[in-house]
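The structure file work-v9.txt is reproduced below (compact mmCIF, C-alpha atoms).
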```
# COMPACT_ATOMS: atom_id res chain seq x y z
CA MET A 25 -11.02 35.08 -13.12
CA SER A 26 -11.41 38.10 -15.41
CA ILE A 27 -14.66 39.15 -17.07
CA VAL A 28 -13.21 38.33 -20.49
CA GLU A 29 -12.30 34.76 -19.50
CA HIS A 30 -15.72 34.33 -17.95
CA HIS A 31 -17.32 35.48 -21.20
CA ILE A 32 -15.25 32.96 -23.20
CA ASP A 33 -16.26 30.16 -20.82
CA LEU A 34 -19.91 30.93 -21.44
CA GLU A 35 -19.49 31.00 -25.20
CA SER A 36 -17.59 27.71 -25.44
CA PRO A 37 -18.21 25.51 -22.43
CA ARG A 38 -15.97 22.49 -22.22
CA ILE A 39 -17.67 19.11 -22.17
CA SER A 40 -15.65 16.59 -20.22
CA ASP A 41 -14.44 13.60 -22.20
CA ALA A 42 -13.03 11.91 -19.12
CA GLU A 43 -13.82 8.29 -18.47
CA VAL A 44 -13.95 6.78 -14.99
CA THR A 45 -10.61 5.11 -15.74
CA ASP A 46 -9.01 8.56 -16.22
CA TYR A 47 -9.99 9.50 -12.68
CA ILE A 48 -8.71 6.14 -11.43
CA ALA A 49 -5.39 6.89 -13.20
CA LEU A 50 -5.21 10.20 -11.27
CA LEU A 51 -5.09 8.13 -8.06
CA LYS A 52 -1.79 6.47 -9.12
CA PRO A 53 -3.11 2.94 -8.45
CA ARG A 54 0.33 1.27 -8.41
CA VAL A 55 1.67 3.65 -5.76
CA MET A 56 -1.62 3.25 -3.92
CA SER A 57 -1.25 -0.55 -3.85
CA LEU A 58 2.17 -0.28 -2.16
CA VAL A 59 0.76 2.26 0.31
CA VAL A 60 -2.16 -0.04 1.17
CA PHE A 61 0.17 -3.00 1.60
CA THR A 62 2.60 -1.20 3.93
CA ALA A 63 -0.35 0.24 5.87
CA LEU A 64 -1.83 -3.24 6.18
CA VAL A 65 1.42 -4.42 7.78
CA GLY A 66 1.39 -1.45 10.18
CA LEU A 67 -2.16 -2.42 11.13
CA ALA A 68 -1.38 -6.13 11.43
CA ILE A 69 1.64 -5.84 13.72
CA ALA A 70 -0.16 -3.51 16.15
CA PRO A 71 -0.52 -5.30 19.48
CA VAL A 72 -4.29 -4.77 19.73
CA HIS A 73 -7.35 -6.42 18.25
CA VAL A 74 -8.85 -4.19 15.58
CA HIS A 75 -12.45 -4.79 14.51
CA PRO A 76 -12.46 -5.81 10.81
CA VAL A 77 -14.84 -2.96 9.93
CA LEU A 78 -12.50 -0.41 11.51
CA ALA A 79 -9.46 -2.05 9.87
CA PHE A 80 -11.18 -1.87 6.47
CA THR A 81 -12.21 1.75 7.09
CA SER A 82 -8.65 2.70 8.05
CA LEU A 83 -7.11 1.07 4.98
CA LEU A 84 -9.76 2.60 2.70
CA CYS A 85 -9.13 6.10 4.09
CA ILE A 86 -5.35 5.69 3.80
CA ALA A 87 -5.78 4.42 0.20
CA VAL A 88 -8.06 7.32 -0.74
CA GLY A 89 -5.69 9.78 0.97
CA ALA A 90 -2.81 8.36 -1.09
CA GLY A 91 -4.98 8.67 -4.21
CA ALA A 92 -5.74 12.30 -3.33
CA SER A 93 -2.00 12.98 -3.03
CA GLY A 94 -1.49 11.41 -6.46
CA ALA A 95 -4.23 13.53 -8.06
CA LEU A 96 -2.90 16.74 -6.48
CA ASN A 97 0.63 15.80 -7.57
CA MET A 98 -0.58 15.36 -11.17
CA TRP A 99 -2.47 18.67 -10.94
CA TYR A 100 0.70 20.56 -9.99
CA GLU A 101 3.11 18.65 -12.22
CA SER A 102 1.10 18.50 -15.45
CA ASP A 103 3.72 20.63 -17.24
CA ILE A 104 6.51 18.25 -16.22
CA ASP A 105 4.41 15.18 -17.01
CA ALA A 106 3.77 16.43 -20.55
CA ARG A 107 7.53 16.61 -21.21
CA MET A 108 8.42 13.15 -19.91
CA SER A 109 7.78 9.99 -21.95
CA ARG A 110 7.04 8.01 -18.75
CA THR A 111 4.21 10.37 -17.75
CA ALA A 112 3.03 11.93 -21.03
CA ASN A 113 0.07 9.54 -21.14
CA ARG A 114 -1.36 10.68 -17.82
CA PRO A 115 -4.92 12.09 -17.96
CA ILE A 116 -4.01 15.81 -17.79
CA PRO A 117 -1.26 15.86 -20.49
CA ARG A 118 -3.54 13.73 -22.69
CA GLY A 119 -6.31 16.33 -22.33
CA ARG A 120 -8.83 13.94 -20.77
CA VAL A 121 -8.99 15.77 -17.44
CA THR A 122 -8.36 19.51 -16.91
CA ARG A 123 -6.12 20.84 -14.14
CA PRO A 124 -9.06 22.42 -12.22
CA GLU A 125 -10.93 19.09 -12.41
CA ALA A 126 -7.90 17.22 -11.03
CA LEU A 127 -7.48 19.84 -8.27
CA ALA A 128 -11.15 19.57 -7.26
CA PHE A 129 -10.99 15.78 -7.38
CA GLY A 130 -7.83 15.64 -5.26
CA MET A 131 -9.03 18.18 -2.68
CA THR A 132 -12.40 16.43 -2.33
CA LEU A 133 -10.78 13.05 -1.77
CA ALA A 134 -8.23 14.53 0.66
CA PHE A 135 -10.99 16.17 2.69
CA PHE A 136 -13.22 13.09 2.83
CA SER A 137 -10.38 10.64 3.57
CA VAL A 138 -9.04 12.72 6.49
CA MET A 139 -12.45 13.55 7.95
CA THR A 140 -13.72 9.99 7.62
CA LEU A 141 -10.60 8.53 9.26
CA GLY A 142 -10.79 11.13 12.03
CA ILE A 143 -14.51 10.72 12.72
CA LEU A 144 -14.79 6.94 12.34
CA VAL A 145 -11.41 5.75 13.67
CA ASN A 146 -9.47 8.37 15.64
CA TRP A 147 -8.13 11.89 15.20
CA LEU A 148 -4.45 11.00 15.68
CA ALA A 149 -4.67 8.81 12.57
CA GLY A 150 -6.71 11.50 10.78
CA ALA A 151 -4.15 14.18 11.62
CA LEU A 152 -1.26 11.96 10.51
CA LEU A 153 -3.03 11.25 7.20
CA ALA A 154 -3.59 14.99 6.69
CA PHE A 155 0.10 15.61 7.41
CA THR A 156 1.10 12.85 4.95
CA ILE A 157 -0.99 14.41 2.16
CA PHE A 158 0.34 17.89 3.03
CA PHE A 159 3.93 16.64 3.06
CA TYR A 160 3.62 14.87 -0.30
CA VAL A 161 1.83 17.71 -2.08
CA VAL A 162 3.26 20.87 -0.51
CA ILE A 163 6.69 19.85 0.78
CA TYR A 164 7.68 17.28 -1.86
CA THR A 165 5.76 18.27 -5.02
CA VAL A 166 5.69 22.06 -4.68
CA ALA A 167 8.71 22.92 -2.51
CA LEU A 168 11.33 20.26 -3.20
CA LYS A 169 10.92 18.45 -6.49
CA ARG A 170 11.87 21.29 -8.85
CA TRP A 171 14.47 22.84 -6.57
CA THR A 172 16.81 20.27 -5.06
CA ALA A 173 18.45 16.96 -5.90
CA GLN A 174 17.53 15.84 -2.37
CA ASN A 175 13.84 15.96 -3.40
CA ILE A 176 13.15 12.25 -3.10
CA VAL A 177 15.28 11.85 0.05
CA ILE A 178 13.23 14.32 2.09
CA GLY A 179 10.02 13.66 0.16
CA GLY A 180 10.40 9.96 0.88
CA ALA A 181 9.01 10.66 4.35
CA ALA A 182 5.54 11.00 2.83
CA GLY A 183 5.71 7.53 1.29
CA ALA A 184 7.04 6.12 4.57
CA LEU A 185 4.20 7.40 6.76
CA PRO A 186 1.30 5.05 5.83
CA PRO A 187 2.31 2.25 8.28
CA VAL A 188 2.58 4.91 11.00
CA VAL A 189 -0.91 6.17 10.15
CA ALA A 190 -2.21 2.59 10.21
CA TRP A 191 -0.59 1.85 13.60
CA ALA A 192 -2.13 5.05 14.98
CA ALA A 193 -5.50 3.97 13.58
CA ALA A 194 -5.20 0.62 15.37
CA THR A 195 -3.84 1.78 18.72
CA GLY A 196 -4.71 5.47 19.00
CA SER A 197 -1.06 6.11 19.90
CA LEU A 198 2.47 5.81 18.49
CA SER A 199 5.32 3.47 19.38
CA VAL A 200 8.78 2.42 18.17
CA GLU A 201 7.60 -0.34 15.79
CA PRO A 202 5.78 1.87 13.23
CA TRP A 203 8.76 4.26 13.19
CA LEU A 204 11.01 1.29 12.36
CA LEU A 205 8.78 0.57 9.35
CA PHE A 206 8.94 4.29 8.54
CA LEU A 207 12.75 4.23 8.57
CA ILE A 208 12.89 1.14 6.33
CA ILE A 209 10.72 2.80 3.65
CA PHE A 210 12.50 6.14 4.13
CA PHE A 211 15.96 4.66 3.42
CA TRP A 212 14.59 2.39 0.69
CA THR A 213 13.28 5.37 -1.31
CA PRO A 214 16.61 6.90 -2.51
CA PRO A 215 18.14 3.70 -4.00
CA HIS A 216 14.79 2.84 -5.59
CA PHE A 217 14.14 6.21 -7.22
CA TRP A 218 17.75 6.98 -8.11
CA ALA A 219 17.95 3.64 -9.92
CA LEU A 220 14.90 4.75 -11.91
CA ALA A 221 16.40 8.22 -12.41
CA LEU A 222 19.64 6.69 -13.76
CA PHE A 223 17.93 5.06 -16.71
CA ARG A 224 15.42 7.91 -17.12
CA SER A 225 17.87 10.78 -16.65
CA ASP A 226 17.28 12.13 -20.19
CA ASP A 227 13.57 12.34 -19.42
CA TYR A 228 14.17 14.20 -16.16
CA ALA A 229 16.71 16.53 -17.80
CA ARG A 230 14.23 17.39 -20.57
CA ALA A 231 11.57 18.16 -17.97
CA GLY A 232 14.00 20.27 -15.91
CA VAL A 233 13.66 18.13 -12.78
CA PRO A 234 16.93 18.27 -10.78
CA MET A 235 17.19 14.57 -10.02
CA LEU A 236 20.59 13.53 -8.70
CA PRO A 237 21.88 11.96 -11.98
CA VAL A 238 20.94 15.17 -13.85
CA VAL A 239 22.54 17.53 -11.33
CA ALA A 240 25.51 15.57 -9.97
CA GLY A 241 26.03 12.98 -12.70
CA PRO A 242 25.62 9.20 -12.82
CA ASP A 243 28.81 8.34 -10.92
CA VAL A 244 27.87 10.37 -7.84
CA THR A 245 24.38 8.83 -8.04
CA ARG A 246 25.86 5.31 -8.12
CA LEU A 247 27.90 6.07 -5.00
CA GLN A 248 24.87 7.54 -3.23
CA ILE A 249 22.79 4.48 -4.16
CA LEU A 250 25.45 2.22 -2.64
CA LEU A 251 25.72 4.29 0.57
CA TYR A 252 21.95 4.49 1.05
CA THR A 253 21.65 0.75 0.38
CA LEU A 254 24.20 0.07 3.15
CA VAL A 255 22.16 2.20 5.56
CA LEU A 256 18.93 0.54 4.37
CA VAL A 257 20.24 -2.99 4.97
CA ALA A 258 21.43 -2.02 8.47
CA VAL A 259 18.17 -0.24 9.35
CA ALA A 260 16.08 -3.15 8.03
CA PHE A 261 18.14 -5.67 10.03
CA ALA A 262 18.29 -3.69 13.30
CA PRO A 263 14.76 -4.47 14.60
CA TRP A 264 15.78 -8.13 15.13
CA PRO A 265 18.79 -7.57 17.47
CA LEU A 266 16.90 -4.72 19.13
CA GLY A 267 14.14 -7.20 19.98
CA TYR A 268 11.25 -5.62 18.10
CA PHE A 269 10.87 -8.22 15.30
CA ASP A 270 11.86 -11.89 15.56
CA ALA A 271 14.46 -14.18 13.95
CA VAL A 272 12.36 -15.13 10.90
CA TYR A 273 12.19 -11.46 9.98
CA GLY A 274 15.87 -10.89 10.85
CA ILE A 275 17.15 -13.71 8.65
CA THR A 276 14.82 -12.76 5.78
CA SER A 277 16.06 -9.20 6.10
CA LEU A 278 19.69 -10.38 5.91
CA VAL A 279 19.08 -12.54 2.81
CA LEU A 280 17.10 -9.84 1.00
CA GLY A 281 19.61 -7.20 2.12
CA ALA A 282 22.47 -9.25 0.67
CA GLY A 283 20.63 -9.33 -2.67
CA MET A 284 19.96 -5.59 -2.57
CA LEU A 285 23.59 -4.84 -1.67
CA ALA A 286 24.96 -7.12 -4.42
CA LEU A 287 22.82 -5.34 -7.01
CA ALA A 288 23.82 -1.89 -5.67
CA ILE A 289 27.51 -2.89 -5.91
CA ASN A 290 26.83 -4.06 -9.45
CA VAL A 291 25.33 -0.66 -10.29
CA TYR A 292 28.39 1.04 -8.77
CA ARG A 293 30.85 -1.06 -10.75
CA ARG A 294 29.16 -1.24 -14.16
CA ARG A 295 29.12 2.29 -15.52
CA GLN A 296 29.12 1.96 -19.31
CA GLY A 297 26.80 0.70 -22.04
CA SER A 298 24.09 -1.92 -21.85
CA ALA A 299 25.64 -3.64 -18.80
CA ALA A 300 25.18 -0.42 -16.78
CA LEU A 301 21.59 -0.05 -17.98
CA ARG A 302 20.85 -3.68 -17.14
CA ALA A 303 22.35 -3.29 -13.66
CA THR A 304 20.21 -0.24 -12.80
CA ARG A 305 17.04 -1.87 -14.17
CA ARG A 306 17.73 -4.97 -12.07
CA LEU A 307 18.25 -2.92 -8.92
CA PHE A 308 15.05 -0.96 -9.58
CA ALA A 309 13.00 -4.15 -10.09
CA PHE A 310 14.57 -5.95 -7.11
CA SER A 311 14.06 -2.96 -4.80
CA ILE A 312 10.27 -3.29 -5.28
CA PHE A 313 10.46 -7.02 -4.51
CA TYR A 314 12.75 -6.29 -1.52
CA LEU A 315 10.29 -3.98 0.20
CA PHE A 316 7.32 -6.19 -0.62
CA ALA A 317 9.05 -9.36 0.66
CA LEU A 318 10.30 -7.68 3.84
CA PHE A 319 6.83 -6.42 4.78
CA ALA A 320 5.19 -9.67 3.61
CA THR A 321 7.39 -11.55 6.09
CA LEU A 322 6.04 -9.44 8.96
CA LEU A 323 2.48 -9.95 7.72
CA LEU A 324 2.98 -13.69 7.31
CA GLU A 325 4.28 -14.01 10.85
CA VAL A 326 1.15 -12.32 12.19
CA VAL A 327 -1.07 -14.63 10.11
CA VAL A 328 0.82 -17.77 11.19
CA ARG A 329 0.63 -16.71 14.84
CA ALA A 330 -3.09 -16.13 14.54
CA VAL A 331 -3.69 -19.50 12.85
CA THR A 332 -1.39 -21.55 15.08
CA PRO A 333 -1.15 -19.71 18.41
CA SER A 334 -0.02 -22.80 20.36
CA ILE A 335 3.43 -23.13 18.73
CA TRP A 336 4.49 -19.55 19.55
CA MET B 9 -27.69 42.73 -32.31
CA ASP B 10 -30.43 40.92 -34.27
CA ASP B 11 -32.44 37.93 -33.03
CA LYS B 12 -30.11 35.34 -34.56
CA GLN B 13 -27.19 36.53 -32.42
CA LYS B 14 -29.02 36.44 -29.10
CA PRO B 15 -28.00 33.66 -26.68
CA ASP B 16 -31.62 32.41 -26.65
CA ALA B 17 -31.36 31.59 -30.31
CA LEU B 18 -28.33 29.29 -29.82
CA PRO B 19 -29.01 25.59 -30.06
CA GLY B 20 -27.29 24.97 -26.71
CA ILE B 21 -24.95 22.15 -25.83
CA VAL B 22 -25.68 18.89 -27.57
CA LEU B 23 -23.76 15.94 -26.17
CA THR B 24 -22.62 13.16 -28.46
CA GLU B 25 -23.58 9.60 -27.59
CA ALA B 26 -20.02 8.92 -26.37
CA GLN B 27 -20.12 11.99 -24.10
CA LYS B 28 -23.51 10.95 -22.72
CA LYS B 29 -22.19 7.45 -22.00
CA ARG B 30 -19.10 8.80 -20.21
CA ARG B 31 -21.16 11.25 -18.18
CA ARG B 32 -23.52 8.42 -17.14
CA GLU B 33 -20.54 6.27 -16.11
CA ARG B 34 -19.04 9.13 -14.09
CA SER B 35 -22.39 9.72 -12.39
CA ILE B 36 -22.67 6.02 -11.49
CA ALA B 37 -19.12 6.07 -10.06
CA ILE B 38 -19.97 9.08 -7.86
CA ALA B 39 -23.20 7.39 -6.72
CA LEU B 40 -21.29 4.22 -5.83
CA ALA B 41 -18.68 6.20 -3.88
CA LEU B 42 -21.41 7.99 -1.91
CA GLY B 43 -23.14 4.66 -1.30
CA VAL B 44 -19.92 3.18 0.08
CA LEU B 45 -19.53 6.20 2.37
CA VAL B 46 -23.08 5.79 3.72
CA VAL B 47 -22.62 2.04 4.31
CA LEU B 48 -19.25 2.72 5.98
CA PHE B 49 -20.70 5.26 8.42
CA PHE B 50 -23.61 2.92 9.16
CA ALA B 51 -21.35 -0.09 9.78
CA VAL B 52 -18.93 1.84 12.00
CA THR B 53 -21.84 3.30 13.95
CA LEU B 54 -22.98 -0.24 14.70
CA VAL B 55 -19.44 -1.24 15.76
CA LYS B 56 -18.46 1.82 17.79
CA GLY B 57 -21.78 3.35 18.75
CA PRO B 58 -24.31 1.01 20.31
CA ALA B 59 -21.84 -1.84 19.65
CA VAL B 60 -24.58 -4.02 18.21
CA LEU B 61 -22.06 -6.15 16.31
CA ASN B 62 -19.82 -6.62 19.34
CA ARG B 63 -22.41 -7.89 21.82
CA PRO B 64 -22.59 -11.60 22.61
CA LEU B 65 -25.82 -13.15 21.39
```

Step by step, read the file and then write its structure as structure tokens.
Amino acid sequence: MSIVEHHIDLESPRISDAEVTDYIALLKPRVMSLVVFTALVGLAIAPVHVHPVLAFTSLLCIAVGAGASGALNMWYESDIDARMSRTANRPIPRGRVTRPEALAFGMTLAFFSVMTLGILVNWLAGALLAFTIFFYVVIYTVALKRWTAQNIVIGGAAGALPPVVAWAAATGSLSVEPWLLFLIIFFWTPPHFWALALFRSDDYARAGVPMLPVVAGPDVTRLQILLYTLVLVAVAFAPWPLGYFDAVYGITSLVLGAGMLALAINVYRRRQGSAALRATRRLFAFSIFYLFALFATLLLEVVVRAVTPSIW
Amino acid sequence: MDDKQKPDALPGIVLTEAQKKRRRERSIAIALALGVLVVLFFAVTLVKGPAVLNRPL
């Protein structure tokens, strides 16, 4: 900081107008809720008993780590956020929180979430959480988002890691099952975000973000959505025949996958006017339900087994 | 520079009632977060350390 800037700071110090809710908004609570839910499933399906206090600690640290990623993402992307109608109301573009405040907030939360998870639970989980935050902020937000249409494909790995972190927190090691959950979220991300990008492509174009519909056009995006949905349905179904998850999960996965595929085909076929818009909105909404229902099935099975162990 | 222009003569920062309220709320939120952290470390120490909560009565 130069002497002149320092002098100006002293003359007109800024008084923060931020409310607590502005800092909560920096955490991206909706993204955080999905992260917590997928992490809870990773924790629940682990084949070990986890003390409730340690389970709560793990989920809290993962949630705070996700929140830190959100705050650091908003710190770096405040210029983009200000240009997009979907994000213009976020705390930094609205002037409620400054960029340095968001940076300090995000870094503090990242540090405490990683250290707390490492010290109180185990360092494999702590290291994986640190890598998740690093991947989301540095690889996705800084390196990929403004430079390539494959941003959300590669960046999707960050959103897919929470169940892996949770499994590591429970067991202290890694196994095939959490990586299956990782793959499901990883291949779910492109159809989900490209559906959003299709009906928000003007917003992304204005902000200069090279999302696939902006760079390659809507038709290529529709084809990519369909292809990734095919892979997603296969990846989500595979754990049943491979013997990792049971028939209840397998059949649920097939039913939900059929719905997802039907909506993706609909997006591919309807390319003009309000019918096209409706199709993409439906796919976007259903994709959220799809992931939630798939993971809820795994969670429900664990709960039912715990409540009625004799019938299994 | 005469006396009126010296920094000592400035009235300083006067917060409005709304700013005071928001600052108080932010301070309470930080205090709560630190409290949660203390309780968390205490609880996990009981579980993992001397294992007080895990011992049969």

What's around Phe158 of chain A at 12 Å? Count all atoms listed in the file, leave out sequence neighbours fewer than 5 positions away in its own chain, and write the answer as a PyMOL selection string. chain A and resi 89-90+92-94+96-97+130-131+134-135+138+151-153+163-167+179+181-183+185

Next, write the just-selected residues to a file, as a PDB file, keeping the file's coordinate frame, keeping C-alpha atoms as the atom set.
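Once everything was written out, this is part.pdb:
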```
ATOM      1  CA  GLY A  89      -5.690   9.780   0.970  1.00  0.00           C
ATOM      2  CA  ALA A  90      -2.810   8.360  -1.090  1.00  0.00           C
ATOM      3  CA  ALA A  92      -5.740  12.300  -3.330  1.00  0.00           C
ATOM      4  CA  SER A  93      -2.000  12.980  -3.030  1.00  0.00           C
ATOM      5  CA  GLY A  94      -1.490  11.410  -6.460  1.00  0.00           C
ATOM      6  CA  LEU A  96      -2.900  16.740  -6.480  1.00  0.00           C
ATOM      7  CA  ASN A  97       0.630  15.800  -7.570  1.00  0.00           C
ATOM      8  CA  GLY A 130      -7.830  15.640  -5.260  1.00  0.00           C
ATOM      9  CA  MET A 131      -9.030  18.180  -2.680  1.00  0.00           C
ATOM     10  CA  ALA A 134      -8.230  14.530   0.660  1.00  0.00           C
ATOM     11  CA  PHE A 135     -10.990  16.170   2.690  1.00  0.00           C
ATOM     12  CA  VAL A 138      -9.040  12.720   6.490  1.00  0.00           C
ATOM     13  CA  ALA A 151      -4.150  14.180  11.620  1.00  0.00           C
ATOM     14  CA  LEU A 152      -1.260  11.960  10.510  1.00  0.00           C
ATOM     15  CA  LEU A 153      -3.030  11.250   7.200  1.00  0.00           C
ATOM     16  CA  ILE A 163       6.690  19.850   0.780  1.00  0.00           C
ATOM     17  CA  TYR A 164       7.680  17.280  -1.860  1.00  0.00           C
ATOM     18  CA  THR A 165       5.760  18.270  -5.020  1.00  0.00           C
ATOM     19  CA  VAL A 166       5.690  22.060  -4.680  1.00  0.00           C
ATOM     20  CA  ALA A 167       8.710  22.920  -2.510  1.00  0.00           C
ATOM     21  CA  GLY A 179      10.020  13.660   0.160  1.00  0.00           C
ATOM     22  CA  ALA A 181       9.010  10.660   4.350  1.00  0.00           C
ATOM     23  CA  ALA A 182       5.540  11.000   2.830  1.00  0.00           C
ATOM     24  CA  GLY A 183       5.710   7.530   1.290  1.00  0.00           C
ATOM     25  CA  LEU A 185       4.200   7.400   6.760  1.00  0.00           C
TER      26      LEU A 185
END
```

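Considering the residues A:Arg170, A:Arg107, A:Arg118, A:His75 and counting only C-alpha atoms, Ala51 of chain B has its shortest atom-to-atom contact with A:His75.
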
Within 12 Å of chain B, which residues belong to chain A? Use only C-alpha atoms and report them as a ChimeraX atom specification. /A:34-48,74-82,84-85,88,120,129,132-133,136-137,139-141,143-146

Any idea what the distance is between atom CA of Pro117 of chain A and atom CA of Pro237 of chain A? 25.0 Å

Please report the interatomic distance between atom CA of Val188 of chain A and atom CA of Trp218 of chain A in Å with one decimal. 24.5 Å

Take every atom of segment 46-56 of chain A listed in the file, fit an axis-aligned box around them, add 3 Å per side, and give the centre and edge lengths in Å to one decimal as JSON.
```
{"center_x": -4.2, "center_y": 5.7, "center_z": -10.1, "size_x": 17.7, "size_y": 14.9, "size_z": 18.3}
```

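Atom CA of Leu285 of chain A is positioned 24.1 Å from atom CA of Glu201 of chain A.
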
For Ala128 of chain A, which residue out of A:Leu50, A:Leu324, A:Leu67, A:Ala149 is the nearest one, using only C-alpha atoms? A:Leu50

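Counting all atoms listed in the file, the residue from A:Trp147, A:Tyr160, A:Phe206, A:Phe313 that sits nearest to Ala63 of chain A is A:Phe206.
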